[in-house]
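Asker: Take this structure first; my questions come after.
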Amino acid sequence: MAARSQYEELARQLSAVGAVKRGLARILPAECPGGSAAVLALLRQHGEMRISRLAELLDVDMSVTSRHVAHVAERGWIERSSDPADKRSRILRLTPDGHDVLRDLNRRTTEMFAHNLSDWSDDEVGQLNTLLARLRDSFACRGPSGCGPGKHSGDCRSRHADSDNDSHTRTPV
């Protein structure tokens, strides 16, 4: 276990990550705020799904998810169709316009990081990605059915299967 002072410094550093998040928010087009970008990115990553699954992946309340879904649907970036297994439910999927928006968001995000981290080596960026993914996973397993680091089981195993397919931290694109 690390020294308490290390955890205190980590808390300070993570508080400062707000500057990175604000930088990401500034590059998003006005019509595609962060929540909308996250919806599109998750649909690209995981494929079509019900809104309940999307709310799980976003880790937000269903009402918040519904607002994000309505926003992207109004712009034609996703479509909602009846779920053949349960006609009361809807399946969400990206449209070609949604894929176009994601390509633009990815380009913007990549350019921003390339510009701001131009003095970082590939290895340093890779180490940061690895450590941020590990940090995220350490927190993902702390809930009621949590497993703790390195002890994955039950419901947690499916969350890790999802995050293992995502080599990057949860960013909008």
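Simple scheme: letters A, B, ... for chains in structure tokens order, numbers from 1 for residues in each chain, numbers from 1 for ligands in the order shown.
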Identify, on the basis of only C-alpha atoms, every residue whose closest approach to Val69 in chain A does not exceed 9 Å; exclude the query and any residue fewer than 3 positions from it along the same chain; express the result as a ChimeraX atom specification.
Answerer: /A:36,39,51,64-66,72-74,78,92
Asker: Just the selected residues (N, CA, C and O atoms), exported as an mmCIF file, in the first residue's frame, please.
Answerer:
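Output contents, as saved in out_22.cif:
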```cif
data_model
loop_
_atom_site.group_PDB
_atom_site.id
_atom_site.type_symbol
_atom_site.label_atom_id
_atom_site.label_comp_id
_atom_site.auth_asym_id
_atom_site.auth_seq_id
_atom_site.Cartn_x
_atom_site.Cartn_y
_atom_site.Cartn_z
ATOM 1 N N SER A 36 -23.843 13.753 -25.015
ATOM 2 C CA SER A 36 -24.207 13.250 -26.340
ATOM 3 C C SER A 36 -23.043 12.500 -26.965
ATOM 4 O O SER A 36 -23.227 11.433 -27.563
ATOM 5 N N VAL A 39 -22.809 9.066 -25.448
ATOM 6 C CA VAL A 39 -23.830 8.152 -25.980
ATOM 7 C C VAL A 39 -23.361 7.579 -27.314
ATOM 8 O O VAL A 39 -23.394 6.372 -27.548
ATOM 9 N N ILE A 51 -31.886 1.281 -23.914
ATOM 10 C CA ILE A 51 -31.523 2.468 -23.151
ATOM 11 C C ILE A 51 -31.096 2.103 -21.720
ATOM 12 O O ILE A 51 -30.244 2.758 -21.139
ATOM 13 N N VAL A 64 -31.491 11.016 -17.013
ATOM 14 C CA VAL A 64 -30.370 11.717 -17.663
ATOM 15 C C VAL A 64 -30.062 11.050 -18.998
ATOM 16 O O VAL A 64 -29.880 11.717 -20.023
ATOM 17 N N THR A 65 -30.024 9.732 -19.001
ATOM 18 C CA THR A 65 -29.771 8.985 -20.233
ATOM 19 C C THR A 65 -30.840 9.302 -21.271
ATOM 20 O O THR A 65 -30.522 9.522 -22.446
ATOM 21 N N SER A 66 -32.094 9.348 -20.858
ATOM 22 C CA SER A 66 -33.195 9.649 -21.779
ATOM 23 C C SER A 66 -33.014 11.015 -22.429
ATOM 24 O O SER A 66 -33.273 11.176 -23.626
ATOM 25 N N VAL A 72 -29.552 13.289 -29.167
ATOM 26 C CA VAL A 72 -28.874 12.725 -30.344
ATOM 27 C C VAL A 72 -29.872 12.194 -31.366
ATOM 28 O O VAL A 72 -29.622 12.260 -32.577
ATOM 29 N N ALA A 73 -31.024 11.713 -30.903
ATOM 30 C CA ALA A 73 -32.052 11.223 -31.836
ATOM 31 C C ALA A 73 -32.646 12.381 -32.635
ATOM 32 O O ALA A 73 -32.880 12.251 -33.844
ATOM 33 N N GLU A 74 -32.872 13.517 -31.973
ATOM 34 C CA GLU A 74 -33.417 14.694 -32.666
ATOM 35 C C GLU A 74 -32.495 15.160 -33.794
ATOM 36 O O GLU A 74 -32.953 15.727 -34.775
ATOM 37 N N ILE A 78 -28.755 8.896 -33.996
ATOM 38 C CA ILE A 78 -29.113 7.523 -33.625
ATOM 39 C C ILE A 78 -30.540 7.283 -34.079
ATOM 40 O O ILE A 78 -31.295 8.228 -34.332
ATOM 41 N N LEU A 92 -31.412 1.100 -29.530
ATOM 42 C CA LEU A 92 -30.712 2.286 -30.032
ATOM 43 C C LEU A 92 -29.561 1.839 -30.918
ATOM 44 O O LEU A 92 -28.842 0.895 -30.581
#
```
Asker: Quick one: residues within 10 Å of Leu102 in chain A, only C-alpha atoms, excluding same-chain residues fewer than 4 positions away - as a VMD selection string?
Answerer: chain A and resid 37 to 38 40 to 41 44 77 94 96 to 98 106 to 108 172 to 173
Asker: Please save N, CA and C atoms of the selected residues as an mmCIF file, in the first residue's frame.
Answerer:
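Once everything was written out, this is again.cif:
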```cif
data_model
loop_
_atom_site.group_PDB
_atom_site.id
_atom_site.type_symbol
_atom_site.label_atom_id
_atom_site.label_comp_id
_atom_site.auth_asym_id
_atom_site.auth_seq_id
_atom_site.Cartn_x
_atom_site.Cartn_y
_atom_site.Cartn_z
ATOM 1 N N ALA A 37 -21.859 13.054 -26.818
ATOM 2 C CA ALA A 37 -20.664 12.394 -27.358
ATOM 3 C C ALA A 37 -20.460 11.032 -26.704
ATOM 4 N N ALA A 38 -20.721 10.950 -25.403
ATOM 5 C CA ALA A 38 -20.570 9.676 -24.692
ATOM 6 C C ALA A 38 -21.569 8.638 -25.194
ATOM 7 N N LEU A 40 -22.908 8.460 -28.201
ATOM 8 C CA LEU A 40 -22.457 8.013 -29.521
ATOM 9 C C LEU A 40 -21.269 7.066 -29.406
ATOM 10 N N ALA A 41 -20.309 7.419 -28.556
ATOM 11 C CA ALA A 41 -19.112 6.590 -28.406
ATOM 12 C C ALA A 41 -19.452 5.207 -27.858
ATOM 13 N N ARG A 44 -21.044 3.112 -30.553
ATOM 14 C CA ARG A 44 -20.024 2.634 -31.495
ATOM 15 C C ARG A 44 -19.255 1.471 -30.881
ATOM 16 N N TRP A 77 -28.618 11.312 -35.230
ATOM 17 C CA TRP A 77 -27.358 10.604 -35.027
ATOM 18 C C TRP A 77 -27.568 9.171 -34.550
ATOM 19 N N LEU A 94 -26.529 3.557 -33.924
ATOM 20 C CA LEU A 94 -25.970 4.701 -34.638
ATOM 21 C C LEU A 94 -26.477 4.752 -36.065
ATOM 22 N N PRO A 96 -25.665 6.556 -40.018
ATOM 23 C CA PRO A 96 -24.477 7.031 -40.742
ATOM 24 C C PRO A 96 -24.062 8.444 -40.306
ATOM 25 N N ASP A 97 -25.047 9.331 -40.057
ATOM 26 C CA ASP A 97 -24.708 10.674 -39.570
ATOM 27 C C ASP A 97 -24.033 10.603 -38.199
ATOM 28 N N GLY A 98 -24.467 9.689 -37.359
ATOM 29 C CA GLY A 98 -23.844 9.505 -36.050
ATOM 30 C C GLY A 98 -22.395 9.061 -36.190
ATOM 31 N N ASN A 106 -13.583 12.308 -32.912
ATOM 32 C CA ASN A 106 -12.320 11.586 -32.745
ATOM 33 C C ASN A 106 -11.159 12.413 -33.292
ATOM 34 N N ARG A 107 -11.359 13.015 -34.455
ATOM 35 C CA ARG A 107 -10.314 13.860 -35.048
ATOM 36 C C ARG A 107 -9.988 15.025 -34.114
ATOM 37 N N ARG A 108 -11.016 15.707 -33.610
ATOM 38 C CA ARG A 108 -10.807 16.846 -32.709
ATOM 39 C C ARG A 108 -10.055 16.431 -31.440
ATOM 40 N N PRO A 172 -15.231 11.102 -24.197
ATOM 41 C CA PRO A 172 -16.374 11.236 -25.085
ATOM 42 C C PRO A 172 -16.234 10.498 -26.394
ATOM 43 N N VAL A 173 -15.057 10.375 -26.929
ATOM 44 C CA VAL A 173 -14.933 9.745 -28.247
ATOM 45 C C VAL A 173 -13.939 8.629 -28.271
#
```
Asker: What parts of range 84-152 of chain A does DSSP call strand (DSSP E or B)? I'd like the answer as a ChimeraX atom specification.
Answerer: /A:86-94
Asker: How about saving the chosen residues, C-alpha atoms kept, as a compact mmCIF listing (two decimals), in the first residue's frame?
Answerer:
```
# COMPACT_ATOMS: atom_id res chain seq x y z
CA ASP A 86 -39.88 -6.93 -26.15
CA LYS A 87 -42.06 -4.55 -28.16
CA ARG A 88 -42.27 -2.18 -25.17
CA SER A 89 -38.51 -1.56 -25.36
CA ARG A 90 -36.47 0.33 -27.90
CA ILE A 91 -33.14 -0.58 -29.43
CA LEU A 92 -30.71 2.29 -30.03
CA ARG A 93 -28.25 2.23 -32.92
CA LEU A 94 -25.97 4.70 -34.64
```
Asker: May I ask for the distance between CA of Arg103 in chain A and CA of Leu28 in chain A, given in Å to one decimal place?
Answerer: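 Atom-to-atom, CA of Arg103 in chain A to CA of Leu28 in chain A, that is 12.2 Å.
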Asker: What residues in range 35-156 of chain A get the DSSP label alpha helix (DSSP H)? Please answer as a PyMOL selection string.
Answerer: chain A and resi 35-46+51-58+62-74+96-116+122-140+154-156
Asker: As an exercise, work out the distance from CA of Glu56 in chain A to CA of Pro33 in chain A in Å and give it to one decimal place.
Answerer: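 Separation between CA of Glu56 in chain A and CA of Pro33 in chain A: 19.3 Å.
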Asker: Separation of CA of His68 in chain A and CA of Leu24 in chain A, in Å?
Answerer: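 The value is 17.9 Å.
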Asker: Looking at A:Asp137, A:Ala30, A:Val60, A:Arg50, which one is nearest to Pro84 in chain A, with distances taken over only C-alpha atoms?
Answerer: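 Of all the options, A:Arg50 lies closest to Pro84 in chain A.
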